[in-house]
file query_24.cif (mmCIF, C-alpha atoms (C1' of nucleotides))
data_run
loop_
_atom_site.group_PDB
_atom_site.id
_atom_site.type_symbol
_atom_site.label_atom_id
_atom_site.label_comp_id
_atom_site.auth_asym_id
_atom_site.auth_seq_id
_atom_site.Cartn_x
_atom_site.Cartn_y
_atom_site.Cartn_z
ATOM 1 C CA MET A 1 60.377 28.716 14.201
ATOM 2 C CA SER A 2 61.226 29.428 10.637
ATOM 3 C CA VAL A 3 58.807 29.521 7.787
ATOM 4 C CA GLY A 4 57.931 26.210 6.219
ATOM 5 C CA HIS A 5 58.756 24.307 9.335
ATOM 6 C CA THR A 6 55.421 23.218 10.667
ATOM 7 C CA ALA A 7 52.701 21.379 8.805
ATOM 8 C CA VAL A 8 54.261 21.215 5.415
ATOM 9 C CA THR A 9 51.896 18.430 4.347
ATOM 10 C CA VAL A 10 54.178 16.665 1.942
ATOM 11 C CA LEU A 11 51.892 14.888 -0.536
ATOM 12 C CA PRO A 12 54.564 14.094 -3.175
ATOM 13 C CA VAL A 13 52.679 14.645 -6.367
ATOM 14 C CA SER A 14 49.952 12.409 -7.781
ATOM 15 C CA SER A 15 50.391 11.954 -11.474
ATOM 16 C CA TYR A 16 46.760 11.958 -12.444
ATOM 17 C CA ALA A 17 44.239 10.637 -10.049
ATOM 18 C CA GLU A 18 44.661 13.036 -7.185
ATOM 19 C CA GLU A 19 42.260 15.695 -6.052
ATOM 20 C CA ASP A 20 42.885 17.829 -9.120
ATOM 21 C CA CYS A 21 40.528 15.913 -11.357
ATOM 22 C CA GLY A 22 37.110 16.047 -9.717
ATOM 23 C CA ILE A 23 36.287 12.363 -9.927
ATOM 24 C CA ARG A 24 36.199 11.902 -6.207
ATOM 25 C CA GLU A 25 33.563 14.608 -5.894
ATOM 26 C CA VAL A 26 31.240 12.942 -8.358
ATOM 27 C CA LEU A 27 31.707 9.602 -6.706
ATOM 28 C CA ASP A 28 30.943 11.063 -3.311
ATOM 29 C CA ARG A 29 27.740 12.351 -4.792
ATOM 30 C CA ILE A 30 26.540 9.353 -6.762
ATOM 31 C CA GLY A 31 28.563 6.526 -5.301
ATOM 32 C CA ASP A 32 26.089 5.831 -2.543
ATOM 33 C CA LYS A 33 23.394 3.242 -2.755
ATOM 34 C CA TRP A 34 20.399 5.304 -3.851
ATOM 35 C CA SER A 35 21.233 8.727 -5.324
ATOM 36 C CA VAL A 36 21.447 7.669 -8.935
ATOM 37 C CA LEU A 37 18.350 5.523 -8.672
ATOM 38 C CA VAL A 38 16.401 8.458 -7.292
ATOM 39 C CA ILE A 39 17.653 10.636 -10.114
ATOM 40 C CA VAL A 40 16.665 8.013 -12.655
ATOM 41 C CA GLU A 41 13.242 7.833 -11.095
ATOM 42 C CA LEU A 42 12.847 11.596 -11.317
ATOM 43 C CA THR A 43 13.914 11.726 -14.942
ATOM 44 C CA PRO A 44 10.398 11.327 -16.382
ATOM 45 C CA GLY A 45 9.058 14.117 -14.222
ATOM 46 C CA VAL A 46 7.783 15.157 -10.816
ATOM 47 C CA ARG A 47 7.286 12.569 -8.069
ATOM 48 C CA ARG A 48 5.943 12.633 -4.539
ATOM 49 C CA PHE A 49 7.692 11.107 -1.552
ATOM 50 C CA ARG A 50 5.647 7.935 -1.380
ATOM 51 C CA GLN A 51 5.725 7.570 -5.136
ATOM 52 C CA LEU A 52 9.493 7.537 -5.027
ATOM 53 C CA GLN A 53 9.544 5.050 -2.227
ATOM 54 C CA ARG A 54 7.214 2.703 -4.055
ATOM 55 C CA ALA A 55 9.226 3.036 -7.231
ATOM 56 C CA LEU A 56 12.417 2.110 -5.401
ATOM 57 C CA PRO A 57 11.767 -1.243 -3.797
ATOM 58 C CA GLY A 58 14.016 -1.810 -0.854
ATOM 59 C CA ILE A 59 14.694 1.794 0.084
ATOM 60 C CA SER A 60 13.808 2.780 3.611
ATOM 61 C CA GLN A 61 12.072 6.010 4.565
ATOM 62 C CA ARG A 62 15.221 7.098 6.280
ATOM 63 C CA MET A 63 17.417 6.568 3.240
ATOM 64 C CA LEU A 64 14.960 8.134 0.854
ATOM 65 C CA THR A 65 14.790 11.197 3.050
ATOM 66 C CA LEU A 66 18.553 11.398 3.391
ATOM 67 C CA THR A 67 19.186 10.808 -0.293
ATOM 68 C CA VAL A 68 16.653 13.324 -1.490
ATOM 69 C CA ARG A 69 17.899 15.895 1.020
ATOM 70 C CA ARG A 70 21.467 15.564 -0.154
ATOM 71 C CA LEU A 71 20.410 15.871 -3.772
ATOM 72 C CA GLU A 72 18.466 18.967 -2.832
ATOM 73 C CA ARG A 73 21.470 20.351 -1.006
ATOM 74 C CA ASP A 74 23.634 19.768 -4.063
ATOM 75 C CA GLY A 75 21.057 21.511 -6.244
ATOM 76 C CA LEU A 76 20.194 18.474 -8.339
ATOM 77 C CA VAL A 77 16.680 18.140 -7.008
ATOM 78 C CA ALA A 78 14.047 20.708 -6.114
ATOM 79 C CA ARG A 79 11.626 20.095 -3.261
ATOM 80 C CA THR A 80 8.202 21.713 -3.211
ATOM 81 C CA VAL A 81 5.997 21.544 -0.135
ATOM 82 C CA HIS A 82 2.255 21.996 -0.566
ATOM 83 C CA PRO A 83 0.876 22.964 2.839
ATOM 84 C CA THR A 84 -2.200 20.785 2.516
ATOM 85 C CA VAL A 85 -3.718 18.120 4.715
ATOM 86 C CA PRO A 86 -2.384 15.542 4.343
ATOM 87 C CA PRO A 87 0.919 17.116 3.428
ATOM 88 C CA GLN A 88 2.108 16.810 -0.110
ATOM 89 C CA VAL A 89 5.718 17.179 -1.169
ATOM 90 C CA GLU A 90 6.907 17.107 -4.732
ATOM 91 C CA TYR A 91 10.366 16.375 -6.014
ATOM 92 C CA ARG A 92 11.675 17.229 -9.440
ATOM 93 C CA LEU A 93 15.033 17.498 -11.128
ATOM 94 C CA THR A 94 16.571 20.924 -11.502
ATOM 95 C CA ASP A 95 18.371 21.903 -14.687
ATOM 96 C CA LEU A 96 21.535 20.768 -12.987
ATOM 97 C CA GLY A 97 19.943 17.456 -12.117
ATOM 98 C CA ASN A 98 18.760 17.061 -15.653
ATOM 99 C CA SER A 99 22.211 17.655 -17.021
ATOM 100 C CA PHE A 100 23.446 14.888 -14.793
ATOM 101 C CA THR A 101 20.852 12.619 -16.309
ATOM 102 C CA HIS A 102 22.951 12.398 -19.445
ATOM 103 C CA MET A 103 25.809 10.934 -17.462
ATOM 104 C CA VAL A 104 23.547 8.335 -15.962
ATOM 105 C CA LYS A 105 22.204 7.440 -19.356
ATOM 106 C CA ALA A 106 25.702 6.968 -20.728
ATOM 107 C CA LEU A 107 26.618 4.847 -17.745
ATOM 108 C CA ALA A 108 23.540 2.683 -18.195
ATOM 109 C CA GLU A 109 24.291 2.188 -21.863
ATOM 110 C CA TRP A 110 27.867 1.263 -21.162
ATOM 111 C CA SER A 111 26.675 -1.227 -18.596
ATOM 112 C CA ALA A 112 24.156 -2.763 -20.967
ATOM 113 C CA ASP A 113 26.691 -2.972 -23.775
ATOM 114 C CA HIS A 114 29.319 -4.749 -21.711
ATOM 115 C CA ARG A 115 27.282 -6.647 -19.185
ATOM 116 C CA ASP A 116 27.763 -10.016 -20.833
ATOM 117 C CA ARG A 117 31.437 -9.509 -21.389
ATOM 118 C CA ILE A 118 31.958 -8.643 -17.757
ATOM 119 C CA ALA A 119 29.940 -11.624 -16.640
ATOM 120 C CA ASP A 120 32.086 -13.868 -18.802
ATOM 121 C CA SER A 121 35.248 -12.344 -17.448
ATOM 122 C CA ARG A 122 34.073 -12.950 -13.915
ATOM 123 C CA ARG A 123 33.205 -16.557 -14.583
ATOM 124 C CA ALA A 124 36.597 -17.147 -16.147
ATOM 125 C CA TRP A 125 38.391 -15.435 -13.283
ATOM 126 C CA ASP A 126 36.445 -17.292 -10.644
ATOM 127 C CA GLU A 127 37.227 -20.548 -12.351
ATOM 128 C CA ALA A 128 40.904 -19.688 -12.611
ATOM 129 C CA ASN A 129 41.006 -18.544 -8.992
ATOM 130 C CA PRO A 130 38.971 -21.030 -7.015
ATOM 131 C CA GLY A 131 38.382 -20.247 -3.384
ATOM 132 C CA SER A 132 39.363 -16.600 -3.598
ATOM 133 C CA ASP A 133 37.915 -14.100 -1.187
ATOM 134 C CA VAL A 134 38.201 -11.272 -3.671
ATOM 135 C CA ARG A 135 34.877 -11.460 -5.401
ATOM 136 C CA MET B 1 -1.151 -27.335 -6.732
ATOM 137 C CA SER B 2 -2.227 -25.448 -9.782
ATOM 138 C CA VAL B 3 0.061 -23.571 -12.110
ATOM 139 C CA GLY B 4 0.877 -19.978 -11.242
ATOM 140 C CA HIS B 5 0.040 -20.474 -7.608
ATOM 141 C CA THR B 6 3.352 -20.362 -5.858
ATOM 142 C CA ALA B 7 6.064 -17.728 -5.960
ATOM 143 C CA VAL B 8 4.315 -15.045 -7.950
ATOM 144 C CA THR B 9 6.833 -12.455 -6.770
ATOM 145 C CA VAL B 10 4.638 -9.409 -6.713
ATOM 146 C CA LEU B 11 7.019 -6.452 -7.120
ATOM 147 C CA PRO B 12 4.379 -3.921 -8.212
ATOM 148 C CA VAL B 13 6.221 -2.431 -11.123
ATOM 149 C CA SER B 14 9.115 -0.060 -10.687
ATOM 150 C CA SER B 15 8.560 2.635 -13.218
ATOM 151 C CA TYR B 16 12.159 3.148 -14.204
ATOM 152 C CA ALA B 17 14.848 2.655 -11.676
ATOM 153 C CA GLU B 18 14.538 -1.060 -10.931
ATOM 154 C CA GLU B 19 16.956 -3.753 -11.824
ATOM 155 C CA ASP B 20 16.117 -3.567 -15.524
ATOM 156 C CA CYS B 21 18.381 -0.630 -16.232
ATOM 157 C CA GLY B 22 21.860 -1.681 -15.267
ATOM 158 C CA ILE B 23 22.773 1.342 -13.193
ATOM 159 C CA ARG B 24 23.150 -0.640 -10.032
ATOM 160 C CA GLU B 25 25.739 -2.849 -11.655
ATOM 161 C CA VAL B 26 27.902 0.060 -12.716
ATOM 162 C CA LEU B 27 27.669 1.608 -9.297
ATOM 163 C CA ASP B 28 28.630 -1.622 -7.622
ATOM 164 C CA ARG B 29 31.676 -1.635 -9.841
ATOM 165 C CA ILE B 30 32.809 1.979 -9.560
ATOM 166 C CA GLY B 31 30.998 3.192 -6.473
ATOM 167 C CA ASP B 32 33.718 2.066 -4.126
ATOM 168 C CA LYS B 33 36.465 4.273 -2.853
ATOM 169 C CA TRP B 34 39.320 3.475 -5.234
ATOM 170 C CA SER B 35 38.274 1.703 -8.453
ATOM 171 C CA VAL B 36 37.787 4.784 -10.572
ATOM 172 C CA LEU B 37 40.942 6.389 -9.267
ATOM 173 C CA VAL B 38 42.925 3.310 -10.206
ATOM 174 C CA ILE B 39 41.383 3.341 -13.668
ATOM 175 C CA VAL B 40 42.245 6.999 -14.069
ATOM 176 C CA GLU B 41 45.781 6.276 -13.018
ATOM 177 C CA LEU B 42 46.058 3.502 -15.579
ATOM 178 C CA THR B 43 44.700 5.642 -18.384
ATOM 179 C CA PRO B 44 48.089 6.954 -19.542
ATOM 180 C CA GLY B 45 49.521 3.457 -19.721
ATOM 181 C CA VAL B 46 51.036 0.569 -17.840
ATOM 182 C CA ARG B 47 51.852 0.890 -14.147
ATOM 183 C CA ARG B 48 53.454 -1.324 -11.544
ATOM 184 C CA PHE B 49 52.034 -2.045 -8.117
ATOM 185 C CA ARG B 50 54.130 0.399 -6.165
ATOM 186 C CA GLN B 51 53.751 3.030 -8.830
ATOM 187 C CA LEU B 52 50.018 2.839 -8.440
ATOM 188 C CA GLN B 53 50.269 3.019 -4.691
ATOM 189 C CA ARG B 54 52.500 6.067 -4.815
ATOM 190 C CA ALA B 55 50.210 7.723 -7.339
ATOM 191 C CA LEU B 56 47.207 7.166 -5.090
ATOM 192 C CA PRO B 57 48.098 8.789 -1.784
ATOM 193 C CA GLY B 58 46.091 7.328 1.023
ATOM 194 C CA ILE B 59 45.420 3.929 -0.441
ATOM 195 C CA SER B 60 46.602 0.990 1.605
ATOM 196 C CA GLN B 61 48.335 -2.070 0.206
ATOM 197 C CA ARG B 62 45.310 -4.102 1.078
ATOM 198 C CA MET B 63 42.872 -1.852 -0.745
ATOM 199 C CA LEU B 64 45.067 -1.494 -3.793
ATOM 200 C CA THR B 65 45.332 -5.250 -4.035
ATOM 201 C CA LEU B 66 41.597 -5.742 -3.571
ATOM 202 C CA THR B 67 40.687 -3.001 -6.015
ATOM 203 C CA VAL B 68 43.043 -4.128 -8.723
ATOM 204 C CA ARG B 69 41.955 -7.755 -8.289
ATOM 205 C CA ARG B 70 38.303 -6.874 -8.695
ATOM 206 C CA LEU B 71 39.041 -4.813 -11.787
ATOM 207 C CA GLU B 72 40.983 -7.744 -13.165
ATOM 208 C CA ARG B 73 38.097 -10.054 -12.381
ATOM 209 C CA ASP B 74 35.710 -7.763 -14.207
ATOM 210 C CA GLY B 75 38.028 -7.672 -17.183
ATOM 211 C CA LEU B 76 38.810 -3.968 -16.977
ATOM 212 C CA VAL B 77 42.435 -4.422 -16.020
ATOM 213 C CA ALA B 78 45.076 -6.912 -17.149
ATOM 214 C CA ARG B 79 47.745 -8.123 -14.764
ATOM 215 C CA THR B 80 51.115 -9.316 -15.999
ATOM 216 C CA VAL B 81 53.581 -11.027 -13.701
ATOM 217 C CA HIS B 82 57.257 -10.987 -14.618
ATOM 218 C CA PRO B 83 58.902 -13.808 -12.681
ATOM 219 C CA THR B 84 61.978 -11.821 -11.844
ATOM 220 C CA VAL B 85 63.750 -11.039 -8.603
ATOM 221 C CA PRO B 86 62.493 -8.866 -7.172
ATOM 222 C CA PRO B 87 59.056 -9.633 -8.598
ATOM 223 C CA GLN B 88 57.572 -7.208 -11.033
ATOM 224 C CA VAL B 89 53.884 -6.965 -11.800
ATOM 225 C CA GLU B 90 52.394 -4.708 -14.420
ATOM 226 C CA TYR B 91 48.870 -3.454 -14.660
ATOM 227 C CA ARG B 92 47.257 -2.029 -17.756
ATOM 228 C CA LEU B 93 43.756 -1.296 -18.951
ATOM 229 C CA THR B 94 42.110 -3.791 -21.262
ATOM 230 C CA ASP B 95 40.010 -2.620 -24.190
ATOM 231 C CA LEU B 96 37.034 -2.906 -21.907
ATOM 232 C CA GLY B 97 38.758 -0.817 -19.297
ATOM 233 C CA ASN B 98 39.687 1.732 -21.906
ATOM 234 C CA SER B 99 36.102 2.031 -23.061
ATOM 235 C CA PHE B 100 35.128 2.756 -19.496
ATOM 236 C CA THR B 101 37.657 5.546 -19.468
ATOM 237 C CA HIS B 102 35.335 7.598 -21.612
ATOM 238 C CA MET B 103 32.655 7.440 -18.939
ATOM 239 C CA VAL B 104 35.091 8.592 -16.324
ATOM 240 C CA LYS B 105 36.207 11.439 -18.535
ATOM 241 C CA ALA B 106 32.631 12.574 -19.053
ATOM 242 C CA LEU B 107 32.010 12.369 -15.329
ATOM 243 C CA ALA B 108 35.094 14.404 -14.593
ATOM 244 C CA GLU B 109 34.086 17.053 -17.101
ATOM 245 C CA TRP B 110 30.594 17.266 -15.698
ATOM 246 C CA SER B 111 32.064 17.654 -12.247
ATOM 247 C CA ALA B 112 34.432 20.377 -13.350
ATOM 248 C CA ASP B 113 31.703 22.221 -15.195
ATOM 249 C CA HIS B 114 29.297 22.286 -12.276
ATOM 250 C CA ARG B 115 31.583 22.220 -9.297
ATOM 251 C CA ASP B 116 31.072 25.866 -8.446
ATOM 252 C CA ARG B 117 27.347 25.714 -8.891
ATOM 253 C CA ILE B 118 27.098 22.759 -6.561
ATOM 254 C CA ALA B 119 29.286 24.435 -4.000
ATOM 255 C CA ASP B 120 27.047 27.499 -4.100
ATOM 256 C CA SER B 121 23.961 25.361 -3.736
ATOM 257 C CA ARG B 122 25.440 23.670 -0.718
ATOM 258 C CA ARG B 123 26.371 26.924 0.940
ATOM 259 C CA ALA B 124 22.884 28.268 0.394
ATOM 260 C CA TRP B 125 21.264 25.103 1.691
ATOM 261 C CA ASP B 126 23.487 24.941 4.742
ATOM 262 C CA GLU B 127 22.675 28.521 5.524
ATOM 263 C CA ALA B 128 18.964 27.912 5.088
ATOM 264 C CA ASN B 129 19.134 24.759 7.184
ATOM 265 C CA PRO B 130 21.396 25.488 10.117
ATOM 266 C CA GLY B 131 22.263 22.606 12.376
ATOM 267 C CA SER B 132 21.157 19.910 10.012
ATOM 268 C CA ASP B 133 22.724 16.477 10.136
ATOM 269 C CA VAL B 134 22.129 15.863 6.461
ATOM 270 C CA ARG B 135 25.375 17.209 5.170
ATOM 271 C "C1'" DC C 1 1.343 11.574 3.775
ATOM 272 C "C1'" DA C 2 5.894 12.923 4.813
ATOM 273 C "C1'" DG C 3 8.789 12.853 7.621
ATOM 274 C "C1'" DC C 4 12.251 12.639 12.346
ATOM 275 C "C1'" DA C 5 14.543 10.036 16.201
ATOM 276 C "C1'" DT C 6 16.865 5.701 17.803
ATOM 277 C "C1'" DC C 7 18.943 1.610 17.861
ATOM 278 C "C1'" DC C 8 21.899 -1.521 15.820
ATOM 279 C "C1'" DC C 9 24.309 -4.633 12.592
ATOM 280 C "C1'" DG C 10 27.276 -5.789 8.740
ATOM 281 C "C1'" DA C 11 30.351 -4.261 5.276
ATOM 282 C "C1'" DT C 12 34.087 -1.169 3.935
ATOM 283 C "C1'" DG C 13 38.331 -0.048 4.524
ATOM 284 C "C1'" DG C 14 42.585 1.568 7.469
ATOM 285 C "C1'" DA C 15 46.739 -0.022 10.323
ATOM 286 C "C1'" DT C 16 50.042 -3.281 11.206
ATOM 287 C "C1'" DA C 17 52.917 -7.349 10.818
ATOM 288 C "C1'" DC C 18 54.780 -11.042 8.078
ATOM 289 C "C1'" DT C 19 56.419 -13.576 3.464
ATOM 290 C "C1'" DG C 20 58.244 -15.306 -1.189
ATOM 291 C "C1'" DC D 1 58.795 -5.474 -4.876
ATOM 292 C "C1'" DA D 2 54.369 -7.383 -4.479
ATOM 293 C "C1'" DG D 3 51.785 -9.119 -2.030
ATOM 294 C "C1'" DT D 4 48.961 -12.055 2.228
ATOM 295 C "C1'" DA D 5 46.931 -12.287 6.880
ATOM 296 C "C1'" DT D 6 44.743 -10.127 11.043
ATOM 297 C "C1'" DC D 7 42.697 -7.081 13.781
ATOM 298 C "C1'" DC D 8 39.792 -3.349 14.434
ATOM 299 C "C1'" DA D 9 37.270 1.354 13.901
ATOM 300 C "C1'" DT D 10 34.038 3.640 11.275
ATOM 301 C "C1'" DC D 11 29.771 4.350 9.202
ATOM 302 C "C1'" DG D 12 26.367 3.493 5.674
ATOM 303 C "C1'" DG D 13 22.152 2.038 5.937
ATOM 304 C "C1'" DG D 14 18.094 -1.171 7.619
ATOM 305 C "C1'" DA D 15 14.304 -1.790 11.182
ATOM 306 C "C1'" DT D 16 11.250 0.165 14.204
ATOM 307 C "C1'" DG D 17 8.449 3.549 16.533
ATOM 308 C "C1'" DC D 18 6.529 8.217 16.922
ATOM 309 C "C1'" DT D 19 4.659 12.935 15.076
ATOM 310 C "C1'" DG D 20 2.605 17.114 12.641
#
call {"tool": "encode", "arguments": {"input": "query_24.cif", "output": "structure tokens"}}
result
Amino acid sequence: MSVGHTAVTVLPVSSYAEEDCGIREVLDRIGDKWSVLVIVELTPGVRRFRQLQRALPGISQRMLTLTVRRLERDGLVARTVHPTVPPQVEYRLTDLGNSFTHMVKALAEWSADHRDRIADSRRAWDEANPGSDVR
Amino acid sequence: MSVGHTAVTVLPVSSYAEEDCGIREVLDRIGDKWSVLVIVELTPGVRRFRQLQRALPGISQRMLTLTVRRLERDGLVARTVHPTVPPQVEYRLTDLGNSFTHMVKALAEWSADHRDRIADSRRAWDEANPGSDVR
DNA sequence: CAGCATCCCGATGGATACTG
DNA sequence: CAGTATCCATCGGGATGCTG
């Protein structure tokens, strides 16, 4: 077997979007249902587990745990356990998490600024394309 | 029945993260697997269907169609059909779509800037938490 | 209080085949 | 070329029950 014979993994090129620009990584981190909301909720300061859950109506214990663990793993959130009875666990943003806050803020502003326009566009599209399963 | 009796919809408060700030809307729009990548790919200019598909290795016809339709519905992308043979369809960003480009750029920069730090954090966490299913 | 362990369902999205 | 139509596997995430 000569060199370059097996497993060449073609992958033609990819003008822009490919793996080179790290968009996919960010999306994998914040694209899920709760991560950004948790970050937003931690922006004002430290929160305890139950506090977070109450502040995020609809989140299950399981998902809050998972979300907060992943954020901790990524270094966006710090977790502090106070070995008391009953147990007390605090969550806060790290510097890294705080830096990400700016992104979220920009995103929220963009959303607020263009919300109406998007809603209009959707109405128009839906009217022009009745009975479409796109939605 | 007196006023204010039915359907009070409790919903305690929701300090920050609730529906009021439009984060959820943005995430519903860009949190999927391909939307942002398509937008990135359209940033340099107009693209045709197959061009997009080739530029986005791994995307299926179905998903490209769905993604591009949703973006069109939201008013981020404009679709132009040239009734030729064979058919030719062009996609380009609208002004709205272009404005969103800035968000994506910021996200990409943030990702690039902190990629290493996050990777380190993950390694450390994985080492400190062996055999965890969090990942 | 702050979780972990299970079970399970619906949505997302990939593969494939067909069409104007 | 630019789609549409199906079928199907995966998996994110909700509900529930138990524990230190």
call {"tool": "interface_residues", "arguments": {"input": "query_24.cif", "of": "chain C", "to": "chain B", "cutoff": "10 Å", "atoms": "all atoms listed in the file", "output": "PyMOL selection string"}}
result
chain C and resi 12-15+20
call {"tool": "interface_residues", "arguments": {"input": "query_24.cif", "of": "chain D", "to": "chain B", "cutoff": "8 Å", "atoms": "all atoms listed in the file", "output": "number ranges by chain"}}
result
D: 1-3
call {"tool": "interface_residues", "arguments": {"input": "query_24.cif", "of": "chain B", "to": "chain A", "cutoff": "6 Å", "atoms": "only C-alpha atoms", "output": "PyMOL selection string"}}
result
chain B and resi 14+16-17+22-23+31+37+40-41+55+73-75+108+111+118+121-122+125
call {"tool": "calpha_fit_rmsd", "arguments": {"input": "query_24.cif", "fixed": "chain B", "moving": "chain A"}}
result
0.7 Å
call {"tool": "residues_near_point", "arguments": {"input": "query_24.cif", "point": "(12.1, 11.1, 14.0)", "cutoff": "9 Å", "atoms": "all atoms listed in the file", "output": "list of chain:residue names"}}
result
C:DG3, C:DC4, C:DA5, C:DT6, D:DG17, D:DC18, D:DT19
call {"tool": "atom_distance", "arguments": {"input": "query_24.cif", "atom1": "atom C1' of DG13 of chain D", "atom2": "atom CA of Thr101 of chain A"}}
result
24.7 Å
call {"tool": "residues_around", "arguments": {"input": "query_24.cif", "residues": "DA5 of chain D", "least_positions_apart": "3", "cutoff": "12 Å", "atoms": "all atoms listed in the file", "output": "list in words"}}
result
Arg62 of chain B; DT16, DA17, DC18 and DT19 of chain C
call {"tool": "atom_distance", "arguments": {"input": "query_24.cif", "atom1": "atom CA of Thr94 of chain B", "atom2": "atom CA of Ala78 of chain B"}}
result
6.0 Å
call {"tool": "atom_distance", "arguments": {"input": "query_24.cif", "atom1": "atom CA of Ser35 of chain B", "atom2": "atom CA of Ser132 of chain A"}}
result
19.0 Å
call {"tool": "residues_near_point", "arguments": {"input": "query_24.cif", "point": "(28.8, 3.3, 8.8)", "cutoff": "10 Å", "atoms": "only C-alpha atoms (C1' of nucleotides)", "output": "VMD selection string"}}
result
(chain C and resid 9 to 12) or (chain D and resid 10 to 13)
